[in-house]
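*Asks:* Here's a structure for you.
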Amino acid sequence: MEKFREDSILFVCLGNICRSPIAEGIAKEFAKNMGIDILIESRGTSNYHVGEGACSNSISVSLEHGINITGHRAKQLSESDLEKFHHIIALDESNFLDIDHPRCIKLGEFGFNGADVPDPYHYRDRDGFLEVFRMIESAVQNLLNEKF
Ligand code: 4NP
């Protein structure tokens with residue numbers, strides 16, 4: 001098993017193809033700009049999309065903001081992930097309840113009064129993804145400022 005790292009963040013959504021890959025990409029970019037070395041990854045609570053790339057809207061909205069997540073491949077959350085990462089960040093309430101871990105916090109706690117990052121998979125058009133991107137960007141910035 002890989003060692004626990006204090007300076008680590010794991011973002012978790014349902015499929016690990018829409019929201020948490022965006023959060024991972026943004027956090028890596030911010031950490032790089034801040035000059036800090038943090039282990040940053042993402043997972044899905046489900047196995048629905050394991051091995052797939054990020055969804056096309058997440059890729060294109062991220063690219064427009066200078067964040068390249070084309071190399072992402074979806075992984076399912078495992079017990080060992082929960083032992084390896086310090087900050088476990090759920091994208092919405094159902095992810096939070098599924099993860100059920102004392103170190104888990106919702107991303108919305110960082111500037112959005114605990115609100116869910118909406119699941120864009122079924123219902124959201126491209127504008128919806130842009131909204132989701134902006135919410136994640138702002139919350140991730142707050143998270144990094146507060147924790148690092
Ligand atoms: P994500 O979005 O959790 O942000 O990756 C979803 C992706 C896939 C499904 C639901 C949400 N799905 O039901 O397959």
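Following the order of the structure tokens, chains are lettered A, B, ..., residues in each are numbered from 1, and ligands are numbered from 1.
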Given a cut-off of 8 Å, what residues near ligand 1 show up using only C-alpha atoms and all ligand atoms, put as a PyMOL selection string?
*Replies:* chain A and resi 12-21+44+48-49+54-55+91+119-122
*Asks:* Identify, with DSSP run on backbone atoms, the residues in range 18-66 of chain A assigned to alpha helix (DSSP H), and express the list as a list in words.
*Replies:*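 Filtering range 18-66 of chain A down to alpha helix (DSSP H) leaves Arg19, Ser20, Pro21, Ile22, Ala23, Glu24, Gly25, Ile26, Ala27, Lys28, Glu29, Phe30, Ala31, Lys32, Asn33, Met34, Ser56, Asn57, Ser58, Ile59, Ser60, Val61, Ser62, Leu63 and Glu64 of chain A.
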*Asks:* To one decimal in Å, tell me the separation between CA of Ser80 in chain A and CA of Ser138 in chain A.
*Replies:* 28.8 Å
*Asks:* Using only C-alpha atoms, what does the table of range 81-123 of chain A residues within 10 Å of range 67-77 of chain A look like, with each row giving the shortest atom pair and its distance in Å to one decimal, sorted by chain and ascending number, as a tab-separated table?
*Replies:*
```
residue	atom	partner	partner_atom	distance
A:Asp81	CA	A:Leu77	CA	6.5
A:Leu82	CA	A:Leu77	CA	8.1
A:Ile99	CA	A:Leu77	CA	8.6
```
*Asks:* By how many Å are CA of Ile22 in chain A and CA of Ile136 in chain A apart?
*Replies:*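 Taking CA of Ile22 in chain A as the start and CA of Ile136 in chain A as the end point, the length is 7.6 Å.
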*Asks:* May I have the residues within 8 Å of Phe129 in chain A as a PyMOL selection string, using only C-alpha atoms and disregarding those fewer than 4 positions away in the same chain?
*Replies:* chain A and resi 57-58+61+120+124-125+133
*Asks:* Measuring atom to atom with only C-alpha atoms, identify which of A:Ala139, A:Ala90, A:Leu10, A:Ala27 is nearest to Ser42 in chain A.
*Replies:*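 Looking only at the distances to Ser42 in chain A, the closest residue turns out to be A:Leu10.
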*Asks:* Please extract the residues of chain A with a backbone DSSP assignment of strand (DSSP E) and present them as a list in words.
*Replies:*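 Here is the list: Arg5, Glu6, Asp7, Ser8, Ile9, Leu10, Phe11, Val12, Cys13, Leu39, Ile40, Glu41, Ser42, Arg43, Gly44, Phe85, His86, His87, Ile88, Ile89, Ala90, Cys104, Ile105 and Lys106 of chain A.
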*Asks:* Generate a file of the selected residues that holds C-alpha atoms, formatted as a PDB file, in the first residue's frame.
*Replies:*
```
ATOM      1  CA  ARG A   5       0.666  11.856   2.443  1.00  0.00           C
ATOM      2  CA  GLU A   6      -0.339  14.889   4.481  1.00  0.00           C
ATOM      3  CA  ASP A   7      -0.079  17.106   1.399  1.00  0.00           C
ATOM      4  CA  SER A   8      -2.568  15.296  -0.784  1.00  0.00           C
ATOM      5  CA  ILE A   9      -6.041  15.883  -2.216  1.00  0.00           C
ATOM      6  CA  LEU A  10      -8.458  13.384  -3.736  1.00  0.00           C
ATOM      7  CA  PHE A  11     -11.542  14.700  -5.563  1.00  0.00           C
ATOM      8  CA  VAL A  12     -14.438  12.255  -5.787  1.00  0.00           C
ATOM      9  CA  CYS A  13     -17.622  12.375  -7.907  1.00  0.00           C
ATOM     10  CA  LEU A  39      -0.371  14.854  -4.671  1.00  0.00           C
ATOM     11  CA  ILE A  40      -3.660  15.501  -6.508  1.00  0.00           C
ATOM     12  CA  GLU A  41      -5.861  12.803  -8.052  1.00  0.00           C
ATOM     13  CA  SER A  42      -9.556  12.041  -8.611  1.00  0.00           C
ATOM     14  CA  ARG A  43     -11.894   9.043  -8.425  1.00  0.00           C
ATOM     15  CA  GLY A  44     -15.516   8.018  -8.937  1.00  0.00           C
ATOM     16  CA  PHE A  85      -5.026  10.874   0.738  1.00  0.00           C
ATOM     17  CA  HIS A  86      -5.457  13.467   3.488  1.00  0.00           C
ATOM     18  CA  HIS A  87      -8.063  15.782   1.959  1.00  0.00           C
ATOM     19  CA  ILE A  88     -10.926  13.764   0.500  1.00  0.00           C
ATOM     20  CA  ILE A  89     -13.225  16.131  -1.366  1.00  0.00           C
ATOM     21  CA  ALA A  90     -16.719  15.049  -2.431  1.00  0.00           C
ATOM     22  CA  CYS A 104     -14.229  13.766   3.723  1.00  0.00           C
ATOM     23  CA  ILE A 105     -15.510  17.318   3.066  1.00  0.00           C
ATOM     24  CA  LYS A 106     -17.770  18.620   0.302  1.00  0.00           C
TER      25      LYS A 106
END
```
*Asks:* I'd like the contact shell of Ile36 in chain A - 10 Å cut-off, only C-alpha atoms, skipping same-chain residues fewer than 4 positions apart - returned as number ranges by chain.
*Replies:* A: 7, 28, 30-32, 148
*Asks:* Selected residues, N, CA and C atoms, written as a compact mmCIF listing (two decimals), in the first residue's frame, please.
*Replies:*
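Contents of result_9.txt, as written:
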```
# COMPACT_ATOMS: atom_id res chain seq x y z
N ASP A 7 0.17 16.12 2.45
CA ASP A 7 -0.08 17.11 1.40
C ASP A 7 -0.67 16.41 0.17
N LYS A 28 -4.27 21.03 -9.88
CA LYS A 28 -2.87 20.84 -10.30
C LYS A 28 -2.30 22.13 -10.86
N PHE A 30 -3.32 25.27 -10.22
CA PHE A 30 -3.16 26.25 -9.14
C PHE A 30 -1.95 25.90 -8.28
N ALA A 31 -1.79 24.61 -7.96
CA ALA A 31 -0.66 24.19 -7.12
C ALA A 31 0.66 24.52 -7.81
N LYS A 32 0.68 24.27 -9.12
CA LYS A 32 1.90 24.58 -9.89
C LYS A 32 2.18 26.09 -9.82
N PHE A 148 -3.39 25.13 2.22
CA PHE A 148 -1.96 25.05 1.86
C PHE A 148 -1.27 26.41 1.90
```
*Asks:* Find the distance between CA of Tyr123 in chain A and CA of Gly53 in chain A and write it in Å to one decimal.
*Replies:*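 Value for the CA of Tyr123 in chain A-CA of Gly53 in chain A distance: 19.4 Å.
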*Asks:* Counting only C-alpha atoms, which residue out of A:Leu130, A:Ile59, A:Ile26, A:Val140 sits closest to Leu107 in chain A?
*Replies:* A:Val140
*Asks:* From the options A:Lys84, A:Lys147, A:Lys3, A:Arg134, which residue's atoms come nearest to Val117 in chain A, counting only C-alpha atoms?
*Replies:*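 Of A:Lys84, A:Lys147, A:Lys3, A:Arg134, the one nearest Val117 in chain A is A:Arg134, counting only C-alpha atoms.
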*Asks:* Out of A:Glu137, A:Phe4, A:Arg126, A:Glu131, which residue has the shortest atom-to-atom distance to Ser56 in chain A when counting only C-alpha atoms?
*Replies:* A:Arg126
*Asks:* So which one's closest to Leu143 in chain A, A:Ser60, A:Phe110, A:Glu83, A:Ser46? Using only C-alpha atoms, please.
*Replies:*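 Among the listed residues, A:Phe110 lies closest to Leu143 in chain A.
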